[in-house]
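**Student:** Provided herewith: target13.tsv, TSV, C-alpha atoms.
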chain	number	residue	atom	x	y	z
A	1	MET	CA	-78.92	15.33	123.20
A	2	ARG	CA	-75.31	15.50	124.27
A	3	ARG	CA	-72.91	13.10	122.67
A	4	PRO	CA	-70.20	11.24	124.54
A	5	PRO	CA	-66.60	12.28	123.89
A	6	VAL	CA	-64.94	10.72	120.90
A	7	VAL	CA	-61.22	11.27	121.33
A	8	MET	CA	-58.96	12.26	124.21
A	9	ARG	CA	-55.67	13.84	123.30
A	10	VAL	CA	-52.88	13.68	125.87
A	11	HIS	CA	-49.49	15.23	125.37
A	12	ILE	CA	-46.88	15.14	128.10
A	13	ARG	CA	-43.43	16.56	127.60
A	14	GLY	CA	-40.79	16.26	130.29
A	15	LYS	CA	-37.36	17.84	130.44
A	16	GLU	CA	-35.90	15.23	128.14
A	17	LYS	CA	-38.64	12.98	126.85
A	18	GLY	CA	-42.25	13.35	125.95
A	19	PHE	CA	-45.10	11.47	124.44
A	20	GLY	CA	-48.40	12.14	122.80
A	21	LEU	CA	-51.50	9.98	122.77
A	22	TRP	CA	-54.75	10.00	120.88
A	23	LEU	CA	-57.14	7.85	122.88
A	24	PRO	CA	-60.17	6.75	120.87
A	25	LEU	CA	-62.80	6.99	123.59
A	26	PHE	CA	-65.50	5.81	121.22
A	27	LEU	CA	-63.75	2.43	121.24
A	28	LEU	CA	-63.20	2.45	125.00
A	29	ILE	CA	-66.86	3.12	125.85
A	30	PRO	CA	-68.13	-0.31	124.70
A	31	LEU	CA	-65.16	-1.90	126.48
A	32	GLY	CA	-66.03	0.01	129.67
A	33	PHE	CA	-69.65	-1.06	129.44
A	34	ALA	CA	-68.60	-4.68	128.97
A	35	LEU	CA	-66.32	-4.47	132.02
A	36	VAL	CA	-69.05	-2.90	134.18
A	37	ILE	CA	-71.53	-5.58	133.13
A	38	ALA	CA	-68.95	-8.32	133.71
A	39	PHE	CA	-68.00	-7.03	137.16
A	40	SER	CA	-71.47	-5.96	138.30
A	41	PRO	CA	-72.23	-9.33	140.03
A	42	LEU	CA	-68.93	-9.01	141.93
A	43	ILE	CA	-69.74	-5.43	142.95
A	44	LEU	CA	-73.18	-6.55	144.08
A	45	VAL	CA	-71.72	-9.43	146.11
A	46	ALA	CA	-69.14	-7.08	147.66
A	47	ILE	CA	-71.87	-4.64	148.71
A	48	ILE	CA	-74.00	-7.43	150.23
A	49	VAL	CA	-71.05	-9.00	152.09
A	50	LEU	CA	-69.80	-5.66	153.40
A	51	ARG	CA	-73.28	-4.65	154.48
A	52	ARG	CA	-73.87	-7.97	156.31
A	53	ARG	CA	-70.57	-7.66	158.12
A	54	GLN	CA	-71.39	-4.02	158.78
A	55	GLN	CA	-68.07	-2.99	157.30
A	56	LEU	CA	-69.52	-0.65	154.72
A	57	SER	CA	-69.37	2.23	157.18
A	58	ARG	CA	-65.70	1.46	157.90
A	59	MET	CA	-64.71	1.88	154.26
A	60	PRO	CA	-63.04	5.10	153.18
A	61	GLY	CA	-65.54	7.79	152.20
A	62	ILE	CA	-64.48	7.82	148.55
A	63	ALA	CA	-64.97	4.05	148.15
A	64	ARG	CA	-68.38	4.29	149.83
A	65	ALA	CA	-69.36	7.16	147.55
A	66	CYS	CA	-68.30	5.12	144.48
A	67	LEU	CA	-70.31	2.10	145.59
A	68	ARG	CA	-73.31	4.28	146.40
A	69	THR	CA	-73.06	5.88	142.96
A	70	LEU	CA	-72.78	2.55	141.15
A	71	ARG	CA	-75.74	0.96	142.87
A	72	SER	CA	-78.29	3.66	142.07
A	73	PRO	CA	-79.65	4.43	138.57
A	74	ARG	CA	-79.53	8.15	139.45
A	75	GLY	CA	-75.83	7.83	140.24
A	76	ILE	CA	-75.05	5.97	137.02
A	77	ARG	CA	-76.97	8.62	135.08
A	78	ALA	CA	-75.06	11.42	136.83
A	79	VAL	CA	-71.73	9.79	135.98
A	80	PHE	CA	-72.82	9.32	132.37
A	81	ASP	CA	-73.94	12.98	132.30
A	82	ILE	CA	-70.49	14.06	133.43
A	83	PHE	CA	-68.89	11.84	130.82
A	84	CYS	CA	-71.08	13.34	128.09
A	85	SER	CA	-70.28	16.87	129.27
A	86	MET	CA	-66.57	16.41	128.80
A	87	PRO	CA	-66.14	17.31	125.11
A	88	GLY	CA	-64.50	20.72	124.96
A	89	LEU	CA	-62.47	20.25	128.14
A	90	ARG	CA	-58.91	21.41	127.64
A	91	VAL	CA	-56.04	21.67	130.09
A	92	ASP	CA	-52.73	23.07	128.96
A	93	VAL	CA	-49.99	23.77	131.48
A	94	ARG	CA	-46.50	24.72	130.39
A	95	GLU	CA	-43.39	25.58	132.30
A	96	LYS	CA	-39.91	25.85	130.80
A	97	ASN	CA	-39.64	22.79	128.55
A	98	GLU	CA	-42.31	20.80	130.33
A	99	ARG	CA	-45.87	20.59	129.20
A	100	VAL	CA	-49.05	18.76	130.09
A	101	TYR	CA	-51.83	18.96	127.56
A	102	VAL	CA	-55.14	17.15	127.82
A	103	SER	CA	-57.96	17.79	125.44
A	104	ILE	CA	-61.23	15.97	125.10
A	105	ILE	CA	-62.97	16.22	121.76
B	1	MET	CA	-93.93	53.13	109.39
B	2	SER	CA	-92.01	49.93	108.79
B	3	GLU	CA	-93.47	46.45	108.74
B	4	ASN	CA	-91.83	45.60	112.07
B	5	GLN	CA	-93.21	48.67	113.80
B	6	LYS	CA	-96.68	47.79	112.55
B	7	LYS	CA	-96.33	44.25	113.89
B	8	ILE	CA	-95.21	45.51	117.30
B	9	LEU	CA	-98.17	47.87	117.49
B	10	GLU	CA	-100.52	45.09	116.39
B	11	MET	CA	-99.15	42.81	119.11
B	12	LEU	CA	-99.63	45.59	121.63
B	13	ALA	CA	-103.21	46.09	120.43
B	14	ASP	CA	-103.86	42.35	120.72
B	15	LYS	CA	-102.37	42.51	124.26
B	16	LYS	CA	-99.76	39.91	123.29
B	17	ILE	CA	-97.05	42.17	124.67
B	18	SER	CA	-97.02	44.84	127.36
B	19	VAL	CA	-96.45	48.56	126.78
B	20	ASP	CA	-92.94	48.25	128.22
B	21	GLU	CA	-92.05	45.41	125.86
B	22	ALA	CA	-93.44	47.33	122.89
B	23	TYR	CA	-91.40	50.37	123.89
B	24	ARG	CA	-88.24	48.28	124.21
B	25	LEU	CA	-88.81	46.63	120.83
B	26	LEU	CA	-89.47	49.95	119.13
B	27	SER	CA	-86.36	51.45	120.69
B	28	ALA	CA	-84.34	48.45	119.54
B	29	LEU	CA	-85.67	48.94	116.02
B	30	LYS	CA	-84.70	52.59	116.09
B	31	ALA	CA	-81.23	51.77	117.39
B	32	GLU	CA	-80.60	49.33	114.54
B	33	PRO	CA	-82.05	50.87	111.39
B	34	GLY	CA	-79.97	48.61	109.11
B	35	ALA	CA	-80.81	45.43	110.97
B	36	PRO	CA	-82.63	42.71	109.03
B	37	GLU	CA	-86.39	42.77	109.47
B	38	SER	CA	-87.73	40.28	111.93
B	39	THR	CA	-90.89	38.38	111.17
B	40	GLY	CA	-91.35	36.55	114.48
B	41	GLY	CA	-92.86	37.54	117.80
B	42	PRO	CA	-91.35	39.76	120.44
B	43	GLU	CA	-87.64	39.00	120.37
B	44	VAL	CA	-85.41	40.64	122.88
B	45	LYS	CA	-81.78	39.98	122.05
B	46	ALA	CA	-80.37	37.83	124.83
B	47	ARG	CA	-76.78	37.56	125.94
B	48	PRO	CA	-75.10	34.59	124.24
B	49	LYS	CA	-75.12	31.56	126.47
B	50	ALA	CA	-71.87	30.94	128.32
B	51	LYS	CA	-70.21	27.80	127.06
B	52	TYR	CA	-66.85	27.61	128.76
B	53	LEU	CA	-65.17	28.70	131.97
B	54	ARG	CA	-61.63	29.75	131.14
B	55	VAL	CA	-58.67	30.05	133.46
B	56	CYS	CA	-55.57	31.55	131.88
B	57	VAL	CA	-52.24	32.39	133.41
B	58	VAL	CA	-49.94	34.31	131.10
B	59	PRO	CA	-46.65	36.07	131.76
B	60	GLY	CA	-47.06	39.70	132.71
B	61	GLU	CA	-45.66	42.63	130.79
B	62	GLY	CA	-41.91	42.42	130.43
B	63	HIS	CA	-41.87	38.72	131.31
B	64	GLN	CA	-43.12	37.29	128.00
B	65	HIS	CA	-39.73	35.87	127.13
B	66	ASP	CA	-38.87	34.49	130.57
B	67	GLU	CA	-37.83	30.86	130.29
B	68	ASP	CA	-39.35	29.87	133.62
B	69	ALA	CA	-42.63	31.61	132.90
B	70	GLU	CA	-45.61	29.40	133.57
B	71	LEU	CA	-48.45	29.22	131.07
B	72	VAL	CA	-51.80	27.82	132.04
B	73	ASN	CA	-54.76	27.56	129.73
B	74	ILE	CA	-57.76	25.69	131.04
B	75	ARG	CA	-61.15	25.49	129.38
B	76	VAL	CA	-63.97	23.79	131.27
B	77	PRO	CA	-67.35	23.33	129.57
B	78	MET	CA	-70.18	24.87	131.59
B	79	SER	CA	-72.19	21.68	131.07
B	80	LEU	CA	-69.46	19.80	132.94
B	81	ILE	CA	-69.76	22.20	135.88
B	82	ARG	CA	-73.52	21.77	135.82
B	83	SER	CA	-73.28	17.96	135.78
B	84	GLY	CA	-70.60	18.01	138.46
B	85	MET	CA	-72.72	20.12	140.75
B	86	LYS	CA	-75.65	17.77	140.25
B	87	LEU	CA	-73.38	14.96	141.40
B	88	THR	CA	-73.08	16.64	144.81
B	89	SER	CA	-76.62	15.44	145.57
B	90	LEU	CA	-75.18	11.91	145.63
B	91	LEU	CA	-72.61	12.73	148.29
B	92	PRO	CA	-73.07	10.77	151.50
B	93	GLY	CA	-74.72	12.79	154.28
B	94	GLU	CA	-71.63	12.93	156.49
B	95	ALA	CA	-69.39	14.04	153.60
B	96	ARG	CA	-71.88	16.79	152.80
B	97	GLU	CA	-71.84	17.92	156.41
B	98	LYS	CA	-68.04	18.01	156.37
B	99	VAL	CA	-68.07	20.15	153.22
B	100	THR	CA	-70.69	22.48	154.71
B	101	SER	CA	-68.71	22.92	157.93
B	102	ALA	CA	-65.43	23.45	156.00
B	103	LEU	CA	-67.14	26.15	153.93
B	104	HIS	CA	-68.58	27.66	157.10
B	105	GLU	CA	-65.08	27.85	158.60
B	106	LYS	CA	-63.98	29.84	155.56
B	107	GLY	CA	-66.87	32.22	156.10
B	108	ILE	CA	-69.08	30.82	153.34
B	109	ASN	CA	-72.56	30.04	154.58
B	110	LEU	CA	-73.60	27.57	151.93
B	111	ASP	CA	-75.60	24.55	152.95
B	112	MET	CA	-75.38	21.98	150.19
B	113	ARG	CA	-78.48	20.18	151.47
B	114	ASN	CA	-80.59	23.18	150.55
B	115	MET	CA	-79.34	23.42	146.98
B	116	LYS	CA	-82.00	22.76	144.36
B	117	PRO	CA	-81.51	22.16	140.60
B	118	GLU	CA	-83.06	25.57	139.82
B	119	ASP	CA	-80.58	27.21	142.22
B	120	LEU	CA	-77.76	25.53	140.34
B	121	ASP	CA	-79.04	26.82	137.02
B	122	GLU	CA	-79.28	30.32	138.46
B	123	LEU	CA	-75.76	30.07	139.86
B	124	ILE	CA	-74.33	28.88	136.56
B	125	GLU	CA	-76.27	31.59	134.71
B	126	ALA	CA	-74.72	34.15	137.04
B	127	LEU	CA	-71.26	32.77	136.28
B	128	GLY	CA	-71.73	34.15	132.76
B	129	GLU	CA	-70.92	37.61	134.10
B	130	LEU	CA	-67.83	36.45	135.95
B	131	GLU	CA	-64.53	38.02	135.06
B	132	VAL	CA	-61.55	38.05	137.38
B	133	ASN	CA	-58.25	39.63	136.42
B	134	VAL	CA	-55.30	39.40	138.77
B	135	VAL	CA	-52.17	41.16	137.63
B	136	ASN	CA	-48.96	40.96	139.56
B	137	GLY	CA	-45.51	41.77	138.26
B	138	LYS	CA	-44.66	38.40	136.84
B	139	GLU	CA	-47.95	36.99	135.64
B	140	THR	CA	-51.54	37.76	134.84
B	141	VAL	CA	-54.33	35.45	135.93
B	142	ARG	CA	-57.63	35.67	134.11
B	143	VAL	CA	-60.77	33.79	135.02
B	144	PHE	CA	-63.65	34.43	132.68
B	145	VAL	CA	-66.54	32.86	130.87
B	146	GLU	CA	-66.90	32.75	127.10
The structure given in the file should be rewritten as structure tokens.
**Tutor:**
Amino acid sequence: MRRPPVVMRVHIRGKEKGFGLWLPLFLLIPLGFALVIAFSPLILVAIIVLRRRQQLSRMPGIARACLRTLRSPRGIRAVFDIFCSMPGLRVDVREKNERVYVSII
Amino acid sequence: MSENQKKILEMLADKKISVDEAYRLLSALKAEPGAPESTGGPEVKARPKAKYLRVCVVPGEGHQHDEDAELVNIRVPMSLIRSGMKLTSLLPGEAREKVTSALHEKGINLDMRNMKPEDLDELIEALGELEVNVVNGKETVRVFVE
């Protein structure tokens, strides 16, 4: 079984200033779950209202795709799968004195 | 006759493996005389499974010390690609059609509606042999799987 990511390391260095971050994802996951559970009635109401007013089709494609993903168990599972596949991802781009580094462990 | 050779011949006699497989196993044994003796069934050494897709941009020869040289080092887990491609099945129908027509305009005849999970696995398996090297004067771009 794949495990969810534990830590995200972000390091951004500009021409003059820079900063580094260690984000403890293992602490953010329970927070994220709590937020999703807390907001799920609102999301549900929004979907029902938009569908009744037939405005769902007028929404931008990305918003519709997000709602569609959130309302189906298959979608939630796919998003969770992606989240659990992230450990090992590393992006490192450097130019002159600037650098963007993102690593998920 | 070594223990392994005996086992291979026994498996052939018991029709557990075909003549071709027995020949391949015997050849492999001959090729690696110092290899540790295997006790299991017919094992054909497989290529190690690809774990990451790498994209690297490094300065070309003679430009290693350029101050404005751009360095890119990206490592994407193959499992992330696999999960991402599975997510395409959740795309709304019209978005999928747009993607299909955009690909068609570029000369790629890929219909995302016809993609099955086994096709995805095959595609990702095939990526394991991918290696692209682009060298121009200033930089070298490498796309490979490790």
**Student:** For chain B against chain A, with a cut-off of 8 Å and counting only C-alpha atoms, what is the closest atom pair and its distance in Å to one decimal for every residue that makes the cut, ordered by chain and number, as a tab-separated table?
**Tutor:**
residue	atom	partner	partner_atom	distance
B:Glu67	CA	A:Lys96	CA	5.4
B:Asp68	CA	A:Lys96	CA	4.9
B:Ala69	CA	A:Glu95	CA	6.1
B:Glu70	CA	A:Glu95	CA	4.6
B:Leu71	CA	A:Arg94	CA	5.0
B:Val72	CA	A:Val93	CA	4.5
B:Asn73	CA	A:Asp92	CA	5.0
B:Ile74	CA	A:Val91	CA	4.5
B:Arg75	CA	A:Arg90	CA	5.0
B:Val76	CA	A:Leu89	CA	5.0
B:Pro77	CA	A:Leu89	CA	5.9
B:Ser79	CA	A:Ser85	CA	5.5
B:Leu80	CA	A:Ser85	CA	4.8
B:Ser83	CA	A:Ile82	CA	5.3
B:Gly84	CA	A:Ile82	CA	6.4
B:Lys86	CA	A:Ala78	CA	7.2
B:Leu87	CA	A:Ala78	CA	6.0
B:Leu90	CA	A:Gly75	CA	6.8
B:Leu91	CA	A:Ala65	CA	6.5
B:Pro92	CA	A:Ala65	CA	6.5
B:Ala95	CA	A:Gly61	CA	7.5
**Student:** Pick the closest to Val36 of chain A from A:Val10, A:Ile76, A:Ile104, A:Leu23: which is it, counting all atoms listed in the file?
**Tutor:**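 Closest candidate: A:Ile76.
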**Student:** I'd like the interatomic distance between atom CA of Leu103 of chain B and atom CA of Ser89 of chain B, to a tenth of an Å.
**Tutor:**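 Distance reported for this atom pair: 16.6 Å.
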**Student:** Could you check how far atom CA of Pro30 of chain A sits from atom CA of Arg9 of chain A, in Å to one decimal?
**Tutor:** 18.9 Å
